[in-house]
Amino acid sequence: MAVTGGIMVPHPPLIIPEVGRGRESCIQETIDACTQAGAFLRALAPETVVIVSPHSIMYSDYIHISPGESASGSFRDFGAGGVGFHERYDREFADLLAARAEKAGIPAGASGEQKKELDHGTMIPLWFIRRAPADFRIVRIGISGLPLSVHYRLGIEIQKTAEALGRRVVFVASGDLSHKLKKEGPYGFDPDGPVYDRKIMEVMGSGEFDRLLDFDEVFCEKAAECGHRSFVMMAGALDGKALEIRTLSHQDVTGVGYGVCTFRVTGEDTGRHFLAEWYNRRRAALDSKKAAEDPYVKLARASIETYIRTGKRLRIPKGLPEDLTDRRAGVFVSLHLEGQLRGCIGTIRPVCGSVAEEIVQNAVSAAVHDPRFRPVSEGELDRLEYSVDVLGPTEPVHSPEELDVKRYGIVVSSGGRRGLLLPNLDGVDTVRQQIAIARQKAGIAPYEDVELERFEVVRHV
């Protein structure tokens, strides 16, 4: 046996009658679709239901699999404490999945449980699934800030775990779509919100799961979605399978998108191994970009690759342009992996004898000493993308009107605290945002007075 199907369902607390108290009628189409999805799942007679919820325990660099024999939860936080669930876990499945993930180099497992109670992203799908008797155990999994490909890979391991144990498994991808569909909605409006909803419903309805991996992280953040990684993990669990897909509904009446689809496995399809195809396309694009790197980026790459592979600092090579060897300046080196920041360290003013030395030092620091990330591994080196920012001198600013988020980086200071933000960053669209982020980095409260400085950079990519 193996993964026999999956459902994509939202989790608005409003949908529970004891919570909505009549207000749920505005999403009746979604209620009807979720009822159909619950019946679809029961008809597959699963022994184990894997539920991925963005409201389970979430870490930036680790995917949590709930441990233990069972867990309970209720909707008391939404004023309906009398509605709840007690679910038995498939511990054997969870343990084997964690072991397989570790062997595959996927940061996932049962460590770090902070809250045992079932979350609403898990319970709302169960409310529809448990409408009629069904004898199954569950495996509850959270999402993480790790790249989309890592979630897809864990989905593949879920499929392999089901096969190894001979379990009939159905996957539940719990997640709302964009939270920014209407100005009058609870989260406001962003133009990327409706675009995200349209694109995700096209992808899920067509089963073109490779496109899930191409969603830009900044785009997803602006759309304020919460289900994308759940959908990606389900795609991994259905990798290589022929599917019968039904789109049951899509609503956006509350300002939040709710989409419901069902996926029935009908056989094998060797043309649907999407992750391998995606890696091949991405590798070709990275190789092309790498071939076009200028001496600044080549030096940063060589510095990191030398240090990670040998543990030694790179000696400054001969034949570099004079601008690298004869000039001093502050330098920031930034690393990205599959569209996500993987490290960024720099100096506002020069501390080394040349720009080249500054790059070598800061590149290694970005790879292994950025406290926000674990050190870069050798297996990641070929997938990294680099940028090197060479900073110009700072100058005082007397008003935010003298700033330009695309042209100038900023330094905010208060007492001995200083925060810096580079210019022209994805997702930073206004000077107000730029100042707020720089304050946060420095630990300066919004009400504290600050001094502002600006600087220009030359960015090498």
# chains A, B, ... in the order shown; residues from 1 in each chain; ligands from 1

call {"tool": "residues_around", "arguments": {"residues": "His250 in chain A", "least_positions_apart": "6", "cutoff": "7 Å", "atoms": "only C-alpha atoms", "output": "list in words"}}
result
Tyr258, Gly259 and Val260 of chain A

call {"tool": "write_last_selection", "arguments": {"atoms": "all heavy atoms", "output": "PDB file, in the first residue's frame"}}
result
ATOM      1  N   TYR A 258      -9.937  30.712   0.133  1.00  0.00           N
ATOM      2  CA  TYR A 258     -10.152  29.335   0.553  1.00  0.00           C
ATOM      3  C   TYR A 258     -10.295  28.465  -0.695  1.00  0.00           C
ATOM      4  O   TYR A 258     -11.209  28.683  -1.500  1.00  0.00           O
ATOM      5  CB  TYR A 258     -11.424  29.211   1.403  1.00  0.00           C
ATOM      6  CG  TYR A 258     -11.484  30.147   2.582  1.00  0.00           C
ATOM      7  CD1 TYR A 258     -12.634  30.895   2.842  1.00  0.00           C
ATOM      8  CD2 TYR A 258     -10.393  30.304   3.425  1.00  0.00           C
ATOM      9  CE1 TYR A 258     -12.694  31.766   3.923  1.00  0.00           C
ATOM     10  CE2 TYR A 258     -10.440  31.179   4.505  1.00  0.00           C
ATOM     11  CZ  TYR A 258     -11.592  31.904   4.754  1.00  0.00           C
ATOM     12  OH  TYR A 258     -11.644  32.766   5.819  1.00  0.00           O
ATOM     13  N   GLY A 259      -9.401  27.494  -0.856  1.00  0.00           N
ATOM     14  CA  GLY A 259      -9.450  26.600  -1.999  1.00  0.00           C
ATOM     15  C   GLY A 259      -9.569  25.157  -1.562  1.00  0.00           C
ATOM     16  O   GLY A 259      -8.943  24.748  -0.572  1.00  0.00           O
ATOM     17  N   VAL A 260     -10.385  24.381  -2.278  1.00  0.00           N
ATOM     18  CA  VAL A 260     -10.587  22.968  -1.947  1.00  0.00           C
ATOM     19  C   VAL A 260     -10.413  22.133  -3.212  1.00  0.00           C
ATOM     20  O   VAL A 260     -11.072  22.393  -4.229  1.00  0.00           O
ATOM     21  CB  VAL A 260     -11.990  22.716  -1.351  1.00  0.00           C
ATOM     22  CG1 VAL A 260     -12.125  21.247  -0.924  1.00  0.00           C
ATOM     23  CG2 VAL A 260     -12.259  23.644  -0.166  1.00  0.00           C
TER      24      VAL A 260
END

call {"tool": "closest_atom_pairs", "arguments": {"of": "range 48-117 of chain A", "to": "range 31-43 of chain A", "cutoff": "12 Å", "atoms": "only C-alpha atoms", "output": "JSON lines"}}
result
{"residue": "A:Thr48", "atom": "CA", "partner": "A:Leu41", "partner_atom": "CA", "distance": 10.9}
{"residue": "A:Val49", "atom": "CA", "partner": "A:Leu41", "partner_atom": "CA", "distance": 9.0}
{"residue": "A:Val50", "atom": "CA", "partner": "A:Leu41", "partner_atom": "CA", "distance": 11.5}

call {"tool": "residues_around", "arguments": {"residues": "range 287-303 of chain A", "least_positions_apart": "4", "cutoff": "12 Å", "atoms": "only C-alpha atoms", "output": "PyMOL selection string"}}
result
chain A and resi 279-283+307-325+331-335+344-345+355-368+381-390+458-461

call {"tool": "residues_around", "arguments": {"residues": "Asp404 in chain A", "least_positions_apart": "5", "cutoff": "12 Å", "atoms": "only C-alpha atoms", "output": "list in words"}}
result
Val397, Ser399, Gly409, Ile410, Leu422, Pro423, Asn424, Leu425, Val428, Asp429, Thr430, Val431, Arg432, Gln433, Gln434, Ile435, Glu453, Arg454, Phe455 and Glu456 of chain A

call {"tool": "closest_atom_pairs", "arguments": {"of": "range 61-151 of chain A", "to": "range 225-246 of chain A", "cutoff": "10 Å", "atoms": "only C-alpha atoms", "output": "CSV"}}
result
residue,atom,partner,partner_atom,distance
A:Gly121,CA,A:Gly227,CA,9.9
A:Ile141,CA,A:Ser230,CA,9.2
A:Gly142,CA,A:Ser230,CA,8.3
A:Ile143,CA,A:Arg229,CA,6.4
A:Ser144,CA,A:Arg229,CA,8.0
A:Gly145,CA,A:Arg229,CA,9.1
A:Leu146,CA,A:Arg229,CA,9.5
A:Pro147,CA,A:Arg229,CA,9.0
A:Leu148,CA,A:Arg229,CA,6.5
A:Ser149,CA,A:Val232,CA,8.1
A:Val150,CA,A:Met233,CA,8.5
A:His151,CA,A:Met233,CA,5.0

call {"tool": "select_by_dssp", "arguments": {"residues": "range 158-228 of chain A", "states": "alpha helix (DSSP H)", "output": "PyMOL selection string"}}
result
chain A and resi 158-165+192-206+217-223+228

call {"tool": "write_last_selection", "arguments": {"atoms": "N, CA and C atoms", "output": "short mmCIF file (atom, residue, chain, number, x, y, z; two decimals), in the first residue's frame"}}
result
data_model
loop_
_atom_site.label_atom_id
_atom_site.label_comp_id
_atom_site.auth_asym_id
_atom_site.auth_seq_id
_atom_site.Cartn_x
_atom_site.Cartn_y
_atom_site.Cartn_z
N ILE A 158 7.52 10.78 2.87
CA ILE A 158 6.22 10.32 3.38
C ILE A 158 5.69 9.20 2.49
N GLN A 159 5.80 9.39 1.18
CA GLN A 159 5.38 8.35 0.25
C GLN A 159 6.17 7.06 0.48
N LYS A 160 7.48 7.17 0.62
CA LYS A 160 8.33 5.99 0.80
C LYS A 160 8.07 5.31 2.15
N THR A 161 7.74 6.11 3.18
CA THR A 161 7.42 5.54 4.48
C THR A 161 6.13 4.73 4.41
N ALA A 162 5.13 5.27 3.70
CA ALA A 162 3.88 4.54 3.52
C ALA A 162 4.12 3.21 2.82
N GLU A 163 4.96 3.23 1.81
CA GLU A 163 5.26 2.00 1.07
C GLU A 163 6.01 1.01 1.95
N ALA A 164 6.97 1.49 2.73
CA ALA A 164 7.76 0.60 3.58
C ALA A 164 6.90 -0.08 4.64
N LEU A 165 5.90 0.64 5.16
CA LEU A 165 5.04 0.09 6.22
C LEU A 165 3.81 -0.61 5.66
N ASP A 192 -0.68 41.50 -5.04
CA ASP A 192 -0.20 40.14 -5.26
C ASP A 192 -1.14 39.09 -4.67
N GLY A 193 -2.08 39.52 -3.82
CA GLY A 193 -3.00 38.56 -3.21
C GLY A 193 -3.86 37.83 -4.23
N PRO A 194 -4.65 38.56 -5.04
CA PRO A 194 -5.47 37.88 -6.05
C PRO A 194 -4.63 37.12 -7.07
N VAL A 195 -3.43 37.63 -7.38
CA VAL A 195 -2.56 36.93 -8.33
C VAL A 195 -2.15 35.57 -7.77
N TYR A 196 -1.79 35.56 -6.47
CA TYR A 196 -1.42 34.29 -5.85
C TYR A 196 -2.58 33.30 -5.91
N ASP A 197 -3.77 33.75 -5.53
CA ASP A 197 -4.93 32.84 -5.51
C ASP A 197 -5.18 32.24 -6.90
N ARG A 198 -5.11 33.10 -7.92
CA ARG A 198 -5.36 32.60 -9.27
C ARG A 198 -4.30 31.57 -9.67
N LYS A 199 -3.04 31.88 -9.39
CA LYS A 199 -1.97 30.98 -9.79
C LYS A 199 -2.02 29.66 -9.03
N ILE A 200 -2.27 29.71 -7.72
CA ILE A 200 -2.24 28.47 -6.93
C ILE A 200 -3.41 27.57 -7.31
N MET A 201 -4.56 28.14 -7.60
CA MET A 201 -5.69 27.32 -8.00
C MET A 201 -5.45 26.70 -9.38
N GLU A 202 -4.78 27.44 -10.27
CA GLU A 202 -4.42 26.87 -11.57
C GLU A 202 -3.47 25.69 -11.41
N VAL A 203 -2.46 25.87 -10.57
CA VAL A 203 -1.45 24.82 -10.38
C VAL A 203 -2.05 23.59 -9.73
N MET A 204 -2.81 23.79 -8.66
CA MET A 204 -3.36 22.64 -7.94
C MET A 204 -4.45 21.96 -8.78
N GLY A 205 -5.23 22.74 -9.51
CA GLY A 205 -6.28 22.16 -10.33
C GLY A 205 -5.76 21.39 -11.53
N SER A 206 -4.58 21.78 -12.02
CA SER A 206 -3.99 21.11 -13.18
C SER A 206 -3.02 20.00 -12.78
N GLU A 217 9.53 33.58 -3.08
CA GLU A 217 9.27 33.72 -1.65
C GLU A 217 8.74 35.11 -1.30
N VAL A 218 9.28 36.13 -1.94
CA VAL A 218 8.81 37.50 -1.66
C VAL A 218 7.38 37.67 -2.13
N PHE A 219 7.05 37.11 -3.29
CA PHE A 219 5.69 37.14 -3.80
C PHE A 219 4.73 36.46 -2.82
N CYS A 220 5.12 35.29 -2.32
CA CYS A 220 4.26 34.57 -1.35
C CYS A 220 4.08 35.37 -0.07
N GLU A 221 5.14 36.04 0.35
CA GLU A 221 5.07 36.84 1.57
C GLU A 221 4.13 38.03 1.39
N LYS A 222 4.21 38.69 0.25
CA LYS A 222 3.35 39.83 -0.01
C LYS A 222 1.88 39.40 -0.09
N ALA A 223 1.66 38.21 -0.64
CA ALA A 223 0.29 37.70 -0.73
C ALA A 223 -0.22 37.22 0.62
N HIS A 228 1.09 27.37 1.35
CA HIS A 228 1.91 26.95 0.21
C HIS A 228 2.81 25.76 0.53
#
